[in-house]
file final03.csv (CSV, N, CA and C atoms)
chain,number,residue,atom,x,y,z
I,28,MET,N,1.6,4.2,17.8
I,28,MET,CA,0.1,4.1,17.7
I,28,MET,C,-0.3,2.7,18.1
I,29,LEU,N,0.6,1.7,17.7
I,29,LEU,CA,0.2,0.3,18.1
I,29,LEU,C,0.2,0.1,19.6
I,30,GLU,N,1.1,0.8,20.3
I,30,GLU,CA,1.0,0.7,21.8
I,30,GLU,C,-0.2,1.3,22.3
I,31,LYS,N,-0.7,2.4,21.8
I,31,LYS,CA,-1.9,3.1,22.2
I,31,LYS,C,-3.2,2.2,22.1
I,32,TYR,N,-3.2,1.4,21.0
I,32,TYR,CA,-4.4,0.5,20.7
I,32,TYR,C,-4.0,-1.0,20.8
I,33,ALA,N,-3.0,-1.3,21.6
I,33,ALA,CA,-2.5,-2.7,21.6
I,33,ALA,C,-3.6,-3.7,22.0
I,34,GLU,N,-4.6,-3.3,22.9
I,34,GLU,CA,-5.6,-4.2,23.3
I,34,GLU,C,-6.6,-4.5,22.2
I,35,LYS,N,-6.7,-3.6,21.2
I,35,LYS,CA,-7.7,-3.7,20.1
I,35,LYS,C,-7.1,-4.2,18.8
I,36,ALA,N,-5.8,-4.0,18.7
I,36,ALA,CA,-5.1,-4.4,17.4
I,36,ALA,C,-5.1,-5.9,17.3
I,37,ILE,N,-5.4,-6.4,16.1
I,37,ILE,CA,-5.3,-7.9,15.9
I,37,ILE,C,-4.2,-8.2,14.8
I,38,GLY,N,-3.7,-7.2,14.1
I,38,GLY,CA,-2.7,-7.4,13.1
I,38,GLY,C,-2.1,-6.2,12.6
I,39,LEU,N,-1.2,-6.4,11.6
I,39,LEU,CA,-0.4,-5.3,11.0
I,39,LEU,C,-0.6,-5.5,9.5
I,40,LYS,N,-0.7,-4.4,8.7
I,40,LYS,CA,-0.7,-4.5,7.3
I,40,LYS,C,0.7,-3.9,6.8
I,41,VAL,N,1.3,-4.7,5.9
I,41,VAL,CA,2.6,-4.3,5.4
I,41,VAL,C,2.6,-4.2,3.9
I,42,TYR,N,3.1,-3.1,3.4
I,42,TYR,CA,3.3,-2.9,2.0
I,42,TYR,C,4.7,-3.4,1.6
I,43,PHE,N,4.7,-4.6,1.0
I,43,PHE,CA,6.0,-5.2,0.7
I,43,PHE,C,6.0,-5.2,-0.9
I,44,ASP,N,6.4,-4.1,-1.4
I,44,ASP,CA,6.2,-3.8,-2.8
I,44,ASP,C,7.2,-2.8,-3.3
I,45,THR,N,7.9,-3.2,-4.4
I,45,THR,CA,9.0,-2.3,-4.9
I,45,THR,C,8.6,-1.0,-5.4
I,46,GLN,N,7.3,-0.9,-5.8
I,46,GLN,CA,6.8,0.4,-6.3
I,46,GLN,C,6.3,1.3,-5.2
I,47,ILE,N,6.0,0.8,-4.1
I,47,ILE,CA,5.4,1.6,-3.0
I,47,ILE,C,6.5,1.9,-2.0
I,48,SER,N,7.4,1.0,-1.8
I,48,SER,CA,8.5,1.2,-0.8
I,48,SER,C,9.9,0.8,-1.4
I,49,ASP,N,10.9,1.1,-0.6
I,49,ASP,CA,12.3,0.8,-1.0
I,49,ASP,C,12.8,-0.5,-0.5
I,50,VAL,N,12.1,-1.6,-0.9
I,50,VAL,CA,12.6,-2.9,-0.4
I,50,VAL,C,13.2,-3.7,-1.6
I,51,HIS,N,14.2,-4.5,-1.2
I,51,HIS,CA,15.0,-5.2,-2.2
I,51,HIS,C,15.2,-6.7,-1.9
I,52,ASP,N,14.8,-7.1,-0.7
I,52,ASP,CA,15.0,-8.5,-0.3
I,52,ASP,C,14.0,-8.8,0.8
I,53,ILE,N,14.0,-10.0,1.3
I,53,ILE,CA,13.0,-10.5,2.3
I,53,ILE,C,13.3,-10.0,3.7
I,54,ARG,N,14.4,-9.4,4.0
I,54,ARG,CA,14.8,-9.0,5.4
I,54,ARG,C,13.7,-8.1,6.1
I,55,PRO,N,13.2,-7.1,5.5
I,55,PRO,CA,12.2,-6.3,6.2
I,55,PRO,C,11.0,-7.1,6.6
I,56,LEU,N,10.5,-8.0,5.7
I,56,LEU,CA,9.4,-8.8,6.0
I,56,LEU,C,9.7,-9.7,7.2
I,57,CYS,N,10.9,-10.3,7.2
I,57,CYS,CA,11.3,-11.2,8.3
I,57,CYS,C,11.2,-10.5,9.6
I,58,GLU,N,11.7,-9.2,9.6
I,58,GLU,CA,11.6,-8.4,10.8
I,58,GLU,C,10.2,-8.2,11.3
I,59,VAL,N,9.3,-7.9,10.4
I,59,VAL,CA,7.9,-7.7,10.8
I,59,VAL,C,7.3,-9.0,11.3
I,60,VAL,N,7.6,-10.1,10.7
I,60,VAL,CA,7.1,-11.4,11.1
I,60,VAL,C,7.6,-11.7,12.5
I,61,GLU,N,8.8,-11.4,12.8
I,61,GLU,CA,9.4,-11.6,14.1
I,61,GLU,C,8.7,-10.7,15.2
I,62,TYR,N,8.5,-9.5,14.8
I,62,TYR,CA,7.8,-8.6,15.7
I,62,TYR,C,6.4,-9.0,16.0
I,63,ALA,N,5.7,-9.4,14.9
I,63,ALA,CA,4.3,-9.8,15.0
I,63,ALA,C,4.2,-11.1,15.9
I,64,GLU,N,5.1,-12.0,15.7
I,64,GLU,CA,5.2,-13.2,16.5
I,64,GLU,C,5.2,-12.9,18.0
I,65,LYS,N,6.1,-11.9,18.4
I,65,LYS,CA,6.3,-11.5,19.8
I,65,LYS,C,5.0,-10.9,20.3
I,66,LYS,N,4.3,-10.2,19.5
I,66,LYS,CA,3.1,-9.4,19.9
I,66,LYS,C,1.8,-10.2,19.7
I,67,ASN,N,1.9,-11.4,19.2
I,67,ASN,CA,0.8,-12.3,18.9
I,67,ASN,C,-0.2,-11.6,17.9
I,68,LEU,N,0.3,-11.1,16.8
I,68,LEU,CA,-0.4,-10.4,15.8
I,68,LEU,C,-0.3,-11.1,14.5
I,69,ILE,N,-1.4,-11.0,13.7
I,69,ILE,CA,-1.3,-11.5,12.3
I,69,ILE,C,-0.8,-10.4,11.4
I,70,ILE,N,-0.4,-10.8,10.2
I,70,ILE,CA,0.2,-9.9,9.2
I,70,ILE,C,-0.6,-10.0,7.9
I,71,MET,N,-1.0,-8.8,7.3
I,71,MET,CA,-1.5,-8.8,6.0
I,71,MET,C,-0.5,-8.1,5.1
I,72,VAL,N,0.0,-8.8,4.1
I,72,VAL,CA,1.0,-8.3,3.2
I,72,VAL,C,0.4,-7.9,1.9
I,73,HIS,N,0.6,-6.7,1.5
I,73,HIS,CA,0.2,-6.2,0.2
I,73,HIS,C,1.5,-6.3,-0.6
I,74,SER,N,1.4,-7.0,-1.7
I,74,SER,CA,2.6,-7.3,-2.5
I,74,SER,C,2.3,-7.4,-4.0
I,75,SER,N,2.1,-6.4,-4.7
I,75,SER,CA,1.8,-6.4,-6.1
I,75,SER,C,3.1,-6.6,-6.9
I,76,ASN,N,4.2,-6.0,-6.4
I,76,ASN,CA,5.5,-6.1,-7.1
I,76,ASN,C,6.5,-6.5,-6.1
I,77,SER,N,6.5,-7.7,-5.7
I,77,SER,CA,7.4,-8.2,-4.7
I,77,SER,C,8.8,-8.3,-5.2
I,78,PRO,N,9.8,-7.9,-4.3
I,78,PRO,CA,11.2,-8.0,-4.6
I,78,PRO,C,11.7,-9.4,-4.6
I,79,VAL,N,10.9,-10.4,-4.1
I,79,VAL,CA,11.3,-11.8,-4.0
I,79,VAL,C,10.2,-12.6,-4.6
I,80,SER,N,10.6,-13.9,-4.8
I,80,SER,CA,9.6,-14.8,-5.4
I,80,SER,C,8.4,-15.0,-4.5
I,81,MET,N,7.3,-15.4,-5.0
I,81,MET,CA,6.1,-15.7,-4.2
I,81,MET,C,6.4,-16.9,-3.3
I,82,CYS,N,7.2,-17.8,-3.8
I,82,CYS,CA,7.5,-19.0,-3.0
I,82,CYS,C,8.3,-18.5,-1.7
I,83,GLU,N,9.2,-17.6,-1.9
I,83,GLU,CA,10.0,-17.1,-0.7
I,83,GLU,C,9.1,-16.3,0.2
I,84,LEU,N,8.3,-15.5,-0.4
I,84,LEU,CA,7.4,-14.6,0.4
I,84,LEU,C,6.4,-15.5,1.2
I,85,LEU,N,5.8,-16.5,0.6
I,85,LEU,CA,4.9,-17.3,1.3
I,85,LEU,C,5.6,-18.2,2.3
I,86,GLY,N,6.8,-18.6,2.1
I,86,GLY,CA,7.6,-19.3,3.0
I,86,GLY,C,7.9,-18.6,4.3
I,87,THR,N,7.9,-17.3,4.2
I,87,THR,CA,8.2,-16.4,5.3
I,87,THR,C,7.0,-16.2,6.2
I,88,LEU,N,5.8,-16.2,5.6
I,88,LEU,CA,4.6,-16.0,6.4
I,88,LEU,C,4.2,-17.2,7.2
I,89,ARG,N,3.4,-16.9,8.2
I,89,ARG,CA,2.9,-18.0,9.2
I,89,ARG,C,1.5,-18.4,8.9
I,90,LYS,N,1.1,-19.5,9.4
I,90,LYS,CA,-0.3,-19.9,9.3
I,90,LYS,C,-1.2,-18.7,9.9
I,91,GLY,N,-2.2,-18.3,9.1
I,91,GLY,CA,-3.1,-17.2,9.6
I,91,GLY,C,-2.7,-15.9,9.0
I,92,ASP,N,-1.5,-15.7,8.5
I,92,ASP,CA,-1.1,-14.5,7.9
I,92,ASP,C,-1.8,-14.4,6.5
I,93,ILE,N,-1.9,-13.2,6.0
I,93,ILE,CA,-2.7,-13.0,4.7
I,93,ILE,C,-1.8,-12.3,3.7
I,94,LEU,N,-1.9,-12.8,2.5
I,94,LEU,CA,-1.2,-12.2,1.3
I,94,LEU,C,-2.3,-11.6,0.4
I,95,THR,N,-2.2,-10.4,0.1
I,95,THR,CA,-3.2,-9.7,-0.8
I,95,THR,C,-2.5,-9.0,-1.9
I,96,HIS,N,-3.2,-8.8,-3.0
I,96,HIS,CA,-2.7,-8.1,-4.2
I,96,HIS,C,-1.5,-8.8,-4.8
I,97,ALA,N,-1.4,-10.1,-4.7
I,97,ALA,CA,-0.2,-10.8,-5.3
I,97,ALA,C,-0.4,-11.0,-6.8
call {"tool": "encode", "arguments": {"input": "final03.csv", "output": "structure tokens"}}
result
Amino acid sequence: MLEKYAEKAIGLKVYFDTQISDVHDIRPLCEVVEYAEKKNLIIMVHSSNSPVSMCELLGTLRKGDILTHA
């Protein structure tokens, strides 16, 4: 879907939450950040129940990325 709307897409929303998805560490978020960097996209991270500390999560995000529901 991103390829279809690549010219209109400005970012990605990621659910980084142990109750919504099966995440246990920072690696999946690092992969999304790497992908977004290559595609020049921002990231919005939904993280009510993060598997990592907020310090680690925020340290992974870039300037302009968004953290919500923390």
call {"tool": "closest_residue", "arguments": {"input": "final03.csv", "among": "I:Ser80, I:Ser74, I:Asn67, I:Thr87", "to": "Val41 (chain I)", "atoms": "only N, CA and C atoms"}}
result
I:Ser74
call {"tool": "residues_around", "arguments": {"input": "final03.csv", "residues": "region 29-40 of chain I", "least_positions_apart": "2", "cutoff": "5 Å", "atoms": "all atoms listed in the file", "output": "list in words"}}
result
Tyr42, Leu68, Ile69, Ile70 and Met71 of chain I
call {"tool": "residues_around", "arguments": {"input": "final03.csv", "residues": "region 49-51 of chain I", "least_positions_apart": "4", "cutoff": "6.5 Å", "atoms": "all atoms listed in the file", "output": "ChimeraX atom specification"}}
result
/I:44-45,78-79
call {"tool": "atom_distance", "arguments": {"input": "final03.csv", "atom1": "atom N of Lys65 (chain I)", "atom2": "CA of Leu88 (chain I)"}}
result
12.8 Å
call {"tool": "select_by_dssp", "arguments": {"input": "final03.csv", "residues": "chain I", "states": "strand (DSSP E or B)", "output": "list of chain:residue names"}}
result
I:Gly38, I:Leu39, I:Lys40, I:Val41, I:Tyr42, I:Ile69, I:Ile70, I:Met71, I:Val72, I:His73, I:Ile93, I:Leu94, I:Thr95
call {"tool": "select_by_dssp", "arguments": {"input": "final03.csv", "residues": "chain I", "states": "alpha helix (DSSP H)", "output": "NGL selection string"}}
result
:I and (54-66 or 81-87)
call {"tool": "write_last_selection", "arguments": {"input": "final03.csv", "atoms": "N, CA and C atoms", "output": "PDB file, in the coordinates of the input"}}
result
ATOM      1  N   ARG I  54      14.400  -9.400   4.000  1.00  0.00           N
ATOM      2  CA  ARG I  54      14.800  -9.000   5.400  1.00  0.00           C
ATOM      3  C   ARG I  54      13.700  -8.100   6.100  1.00  0.00           C
ATOM      4  N   PRO I  55      13.200  -7.100   5.500  1.00  0.00           N
ATOM      5  CA  PRO I  55      12.200  -6.300   6.200  1.00  0.00           C
ATOM      6  C   PRO I  55      11.000  -7.100   6.600  1.00  0.00           C
ATOM      7  N   LEU I  56      10.500  -8.000   5.700  1.00  0.00           N
ATOM      8  CA  LEU I  56       9.400  -8.800   6.000  1.00  0.00           C
ATOM      9  C   LEU I  56       9.700  -9.700   7.200  1.00  0.00           C
ATOM     10  N   CYS I  57      10.900 -10.300   7.200  1.00  0.00           N
ATOM     11  CA  CYS I  57      11.300 -11.200   8.300  1.00  0.00           C
ATOM     12  C   CYS I  57      11.200 -10.500   9.600  1.00  0.00           C
ATOM     13  N   GLU I  58      11.700  -9.200   9.600  1.00  0.00           N
ATOM     14  CA  GLU I  58      11.600  -8.400  10.800  1.00  0.00           C
ATOM     15  C   GLU I  58      10.200  -8.200  11.300  1.00  0.00           C
ATOM     16  N   VAL I  59       9.300  -7.900  10.400  1.00  0.00           N
ATOM     17  CA  VAL I  59       7.900  -7.700  10.800  1.00  0.00           C
ATOM     18  C   VAL I  59       7.300  -9.000  11.300  1.00  0.00           C
ATOM     19  N   VAL I  60       7.600 -10.100  10.700  1.00  0.00           N
ATOM     20  CA  VAL I  60       7.100 -11.400  11.100  1.00  0.00           C
ATOM     21  C   VAL I  60       7.600 -11.700  12.500  1.00  0.00           C
ATOM     22  N   GLU I  61       8.800 -11.400  12.800  1.00  0.00           N
ATOM     23  CA  GLU I  61       9.400 -11.600  14.100  1.00  0.00           C
ATOM     24  C   GLU I  61       8.700 -10.700  15.200  1.00  0.00           C
ATOM     25  N   TYR I  62       8.500  -9.500  14.800  1.00  0.00           N
ATOM     26  CA  TYR I  62       7.800  -8.600  15.700  1.00  0.00           C
ATOM     27  C   TYR I  62       6.400  -9.000  16.000  1.00  0.00           C
ATOM     28  N   ALA I  63       5.700  -9.400  14.900  1.00  0.00           N
ATOM     29  CA  ALA I  63       4.300  -9.800  15.000  1.00  0.00           C
ATOM     30  C   ALA I  63       4.200 -11.100  15.900  1.00  0.00           C
ATOM     31  N   GLU I  64       5.100 -12.000  15.700  1.00  0.00           N
ATOM     32  CA  GLU I  64       5.200 -13.200  16.500  1.00  0.00           C
ATOM     33  C   GLU I  64       5.200 -12.900  18.000  1.00  0.00           C
ATOM     34  N   LYS I  65       6.100 -11.900  18.400  1.00  0.00           N
ATOM     35  CA  LYS I  65       6.300 -11.500  19.800  1.00  0.00           C
ATOM     36  C   LYS I  65       5.000 -10.900  20.300  1.00  0.00           C
ATOM     37  N   LYS I  66       4.300 -10.200  19.500  1.00  0.00           N
ATOM     38  CA  LYS I  66       3.100  -9.400  19.900  1.00  0.00           C
ATOM     39  C   LYS I  66       1.800 -10.200  19.700  1.00  0.00           C
ATOM     40  N   MET I  81       7.300 -15.400  -5.000  1.00  0.00           N
ATOM     41  CA  MET I  81       6.100 -15.700  -4.200  1.00  0.00           C
ATOM     42  C   MET I  81       6.400 -16.900  -3.300  1.00  0.00           C
ATOM     43  N   CYS I  82       7.200 -17.800  -3.800  1.00  0.00           N
ATOM     44  CA  CYS I  82       7.500 -19.000  -3.000  1.00  0.00           C
ATOM     45  C   CYS I  82       8.300 -18.500  -1.700  1.00  0.00           C
ATOM     46  N   GLU I  83       9.200 -17.600  -1.900  1.00  0.00           N
ATOM     47  CA  GLU I  83      10.000 -17.100  -0.700  1.00  0.00           C
ATOM     48  C   GLU I  83       9.100 -16.300   0.200  1.00  0.00           C
ATOM     49  N   LEU I  84       8.300 -15.500  -0.400  1.00  0.00           N
ATOM     50  CA  LEU I  84       7.400 -14.600   0.400  1.00  0.00           C
ATOM     51  C   LEU I  84       6.400 -15.500   1.200  1.00  0.00           C
ATOM     52  N   LEU I  85       5.800 -16.500   0.600  1.00  0.00           N
ATOM     53  CA  LEU I  85       4.900 -17.300   1.300  1.00  0.00           C
ATOM     54  C   LEU I  85       5.600 -18.200   2.300  1.00  0.00           C
ATOM     55  N   GLY I  86       6.800 -18.600   2.100  1.00  0.00           N
ATOM     56  CA  GLY I  86       7.600 -19.300   3.000  1.00  0.00           C
ATOM     57  C   GLY I  86       7.900 -18.600   4.300  1.00  0.00           C
ATOM     58  N   THR I  87       7.900 -17.300   4.200  1.00  0.00           N
ATOM     59  CA  THR I  87       8.200 -16.400   5.300  1.00  0.00           C
ATOM     60  C   THR I  87       7.000 -16.200   6.200  1.00  0.00           C
TER      61      THR I  87
END
call {"tool": "atom_distance", "arguments": {"input": "final03.csv", "atom1": "CA of Ile47 (chain I)", "atom2": "atom C of Val72 (chain I)"}}
result
11.8 Å
call {"tool": "atom_distance", "arguments": {"input": "final03.csv", "atom1": "CA of Ala97 (chain I)", "atom2": "CA of Met28 (chain I)"}}
result
27.4 Å
call {"tool": "decode", "arguments": {"input": "final03.csv", "residues": "region 50-72 of chain I", "atoms": "N, CA and C atoms", "output": "PDB file, in the first residue's frame"}}
result
ATOM      1  N   VAL I  50       5.775  -7.747  20.662  1.00  0.00           N
ATOM      2  CA  VAL I  50       7.124  -7.175  20.700  1.00  0.00           C
ATOM      3  C   VAL I  50       7.717  -7.355  22.091  1.00  0.00           C
ATOM      4  N   HIS I  51       9.035  -7.576  22.131  1.00  0.00           N
ATOM      5  CA  HIS I  51       9.699  -7.822  23.408  1.00  0.00           C
ATOM      6  C   HIS I  51      10.949  -6.971  23.606  1.00  0.00           C
ATOM      7  N   ASP I  52      11.391  -6.315  22.523  1.00  0.00           N
ATOM      8  CA  ASP I  52      12.589  -5.485  22.614  1.00  0.00           C
ATOM      9  C   ASP I  52      12.519  -4.367  21.564  1.00  0.00           C
ATOM     10  N   ILE I  53      13.557  -3.588  21.452  1.00  0.00           N
ATOM     11  CA  ILE I  53      13.585  -2.404  20.604  1.00  0.00           C
ATOM     12  C   ILE I  53      13.827  -2.722  19.128  1.00  0.00           C
ATOM     13  N   ARG I  54      14.256  -3.931  18.801  1.00  0.00           N
ATOM     14  CA  ARG I  54      14.645  -4.272  17.424  1.00  0.00           C
ATOM     15  C   ARG I  54      13.592  -3.966  16.356  1.00  0.00           C
ATOM     16  N   PRO I  55      12.313  -4.320  16.553  1.00  0.00           N
ATOM     17  CA  PRO I  55      11.331  -4.007  15.500  1.00  0.00           C
ATOM     18  C   PRO I  55      11.227  -2.498  15.235  1.00  0.00           C
ATOM     19  N   LEU I  56      11.299  -1.710  16.287  1.00  0.00           N
ATOM     20  CA  LEU I  56      11.226  -0.263  16.105  1.00  0.00           C
ATOM     21  C   LEU I  56      12.470   0.256  15.380  1.00  0.00           C
ATOM     22  N   CYS I  57      13.609  -0.284  15.677  1.00  0.00           N
ATOM     23  CA  CYS I  57      14.846   0.105  14.977  1.00  0.00           C
ATOM     24  C   CYS I  57      14.734  -0.183  13.487  1.00  0.00           C
ATOM     25  N   GLU I  58      14.122  -1.294  13.128  1.00  0.00           N
ATOM     26  CA  GLU I  58      13.946  -1.632  11.719  1.00  0.00           C
ATOM     27  C   GLU I  58      13.008  -0.645  11.028  1.00  0.00           C
ATOM     28  N   VAL I  59      11.959  -0.239  11.715  1.00  0.00           N
ATOM     29  CA  VAL I  59      11.034   0.744  11.145  1.00  0.00           C
ATOM     30  C   VAL I  59      11.734   2.089  10.975  1.00  0.00           C
ATOM     31  N   VAL I  60      12.503   2.495  11.960  1.00  0.00           N
ATOM     32  CA  VAL I  60      13.241   3.757  11.871  1.00  0.00           C
ATOM     33  C   VAL I  60      14.203   3.719  10.684  1.00  0.00           C
ATOM     34  N   GLU I  61      14.887   2.625  10.505  1.00  0.00           N
ATOM     35  CA  GLU I  61      15.826   2.480   9.385  1.00  0.00           C
ATOM     36  C   GLU I  61      15.085   2.591   8.046  1.00  0.00           C
ATOM     37  N   TYR I  62      13.947   1.918   7.933  1.00  0.00           N
ATOM     38  CA  TYR I  62      13.145   1.972   6.711  1.00  0.00           C
ATOM     39  C   TYR I  62      12.651   3.398   6.462  1.00  0.00           C
ATOM     40  N   ALA I  63      12.115   4.024   7.493  1.00  0.00           N
ATOM     41  CA  ALA I  63      11.584   5.385   7.363  1.00  0.00           C
ATOM     42  C   ALA I  63      12.671   6.370   6.954  1.00  0.00           C
ATOM     43  N   GLU I  64      13.857   6.175   7.479  1.00  0.00           N
ATOM     44  CA  GLU I  64      14.983   7.035   7.124  1.00  0.00           C
ATOM     45  C   GLU I  64      15.271   6.932   5.629  1.00  0.00           C
ATOM     46  N   LYS I  65      15.279   5.725   5.099  1.00  0.00           N
ATOM     47  CA  LYS I  65      15.549   5.507   3.667  1.00  0.00           C
ATOM     48  C   LYS I  65      14.465   6.129   2.787  1.00  0.00           C
ATOM     49  N   LYS I  66      13.225   6.122   3.276  1.00  0.00           N
ATOM     50  CA  LYS I  66      12.090   6.620   2.491  1.00  0.00           C
ATOM     51  C   LYS I  66      11.739   8.069   2.813  1.00  0.00           C
ATOM     52  N   ASN I  67      12.508   8.699   3.715  1.00  0.00           N
ATOM     53  CA  ASN I  67      12.269  10.080   4.125  1.00  0.00           C
ATOM     54  C   ASN I  67      10.866  10.267   4.709  1.00  0.00           C
ATOM     55  N   LEU I  68      10.500   9.372   5.628  1.00  0.00           N
ATOM     56  CA  LEU I  68       9.196   9.400   6.276  1.00  0.00           C
ATOM     57  C   LEU I  68       9.367   9.646   7.772  1.00  0.00           C
ATOM     58  N   ILE I  69       8.369  10.271   8.381  1.00  0.00           N
ATOM     59  CA  ILE I  69       8.349  10.379   9.841  1.00  0.00           C
ATOM     60  C   ILE I  69       7.633   9.157  10.400  1.00  0.00           C
ATOM     61  N   ILE I  70       7.768   8.957  11.695  1.00  0.00           N
ATOM     62  CA  ILE I  70       7.122   7.832  12.373  1.00  0.00           C
ATOM     63  C   ILE I  70       6.298   8.368  13.529  1.00  0.00           C
ATOM     64  N   MET I  71       5.084   7.839  13.673  1.00  0.00           N
ATOM     65  CA  MET I  71       4.283   8.071  14.868  1.00  0.00           C
ATOM     66  C   MET I  71       4.222   6.739  15.600  1.00  0.00           C
ATOM     67  N   VAL I  72       4.678   6.719  16.836  1.00  0.00           N
ATOM     68  CA  VAL I  72       4.718   5.487  17.612  1.00  0.00           C
ATOM     69  C   VAL I  72       3.645   5.514  18.690  1.00  0.00           C
TER      70      VAL I  72
END
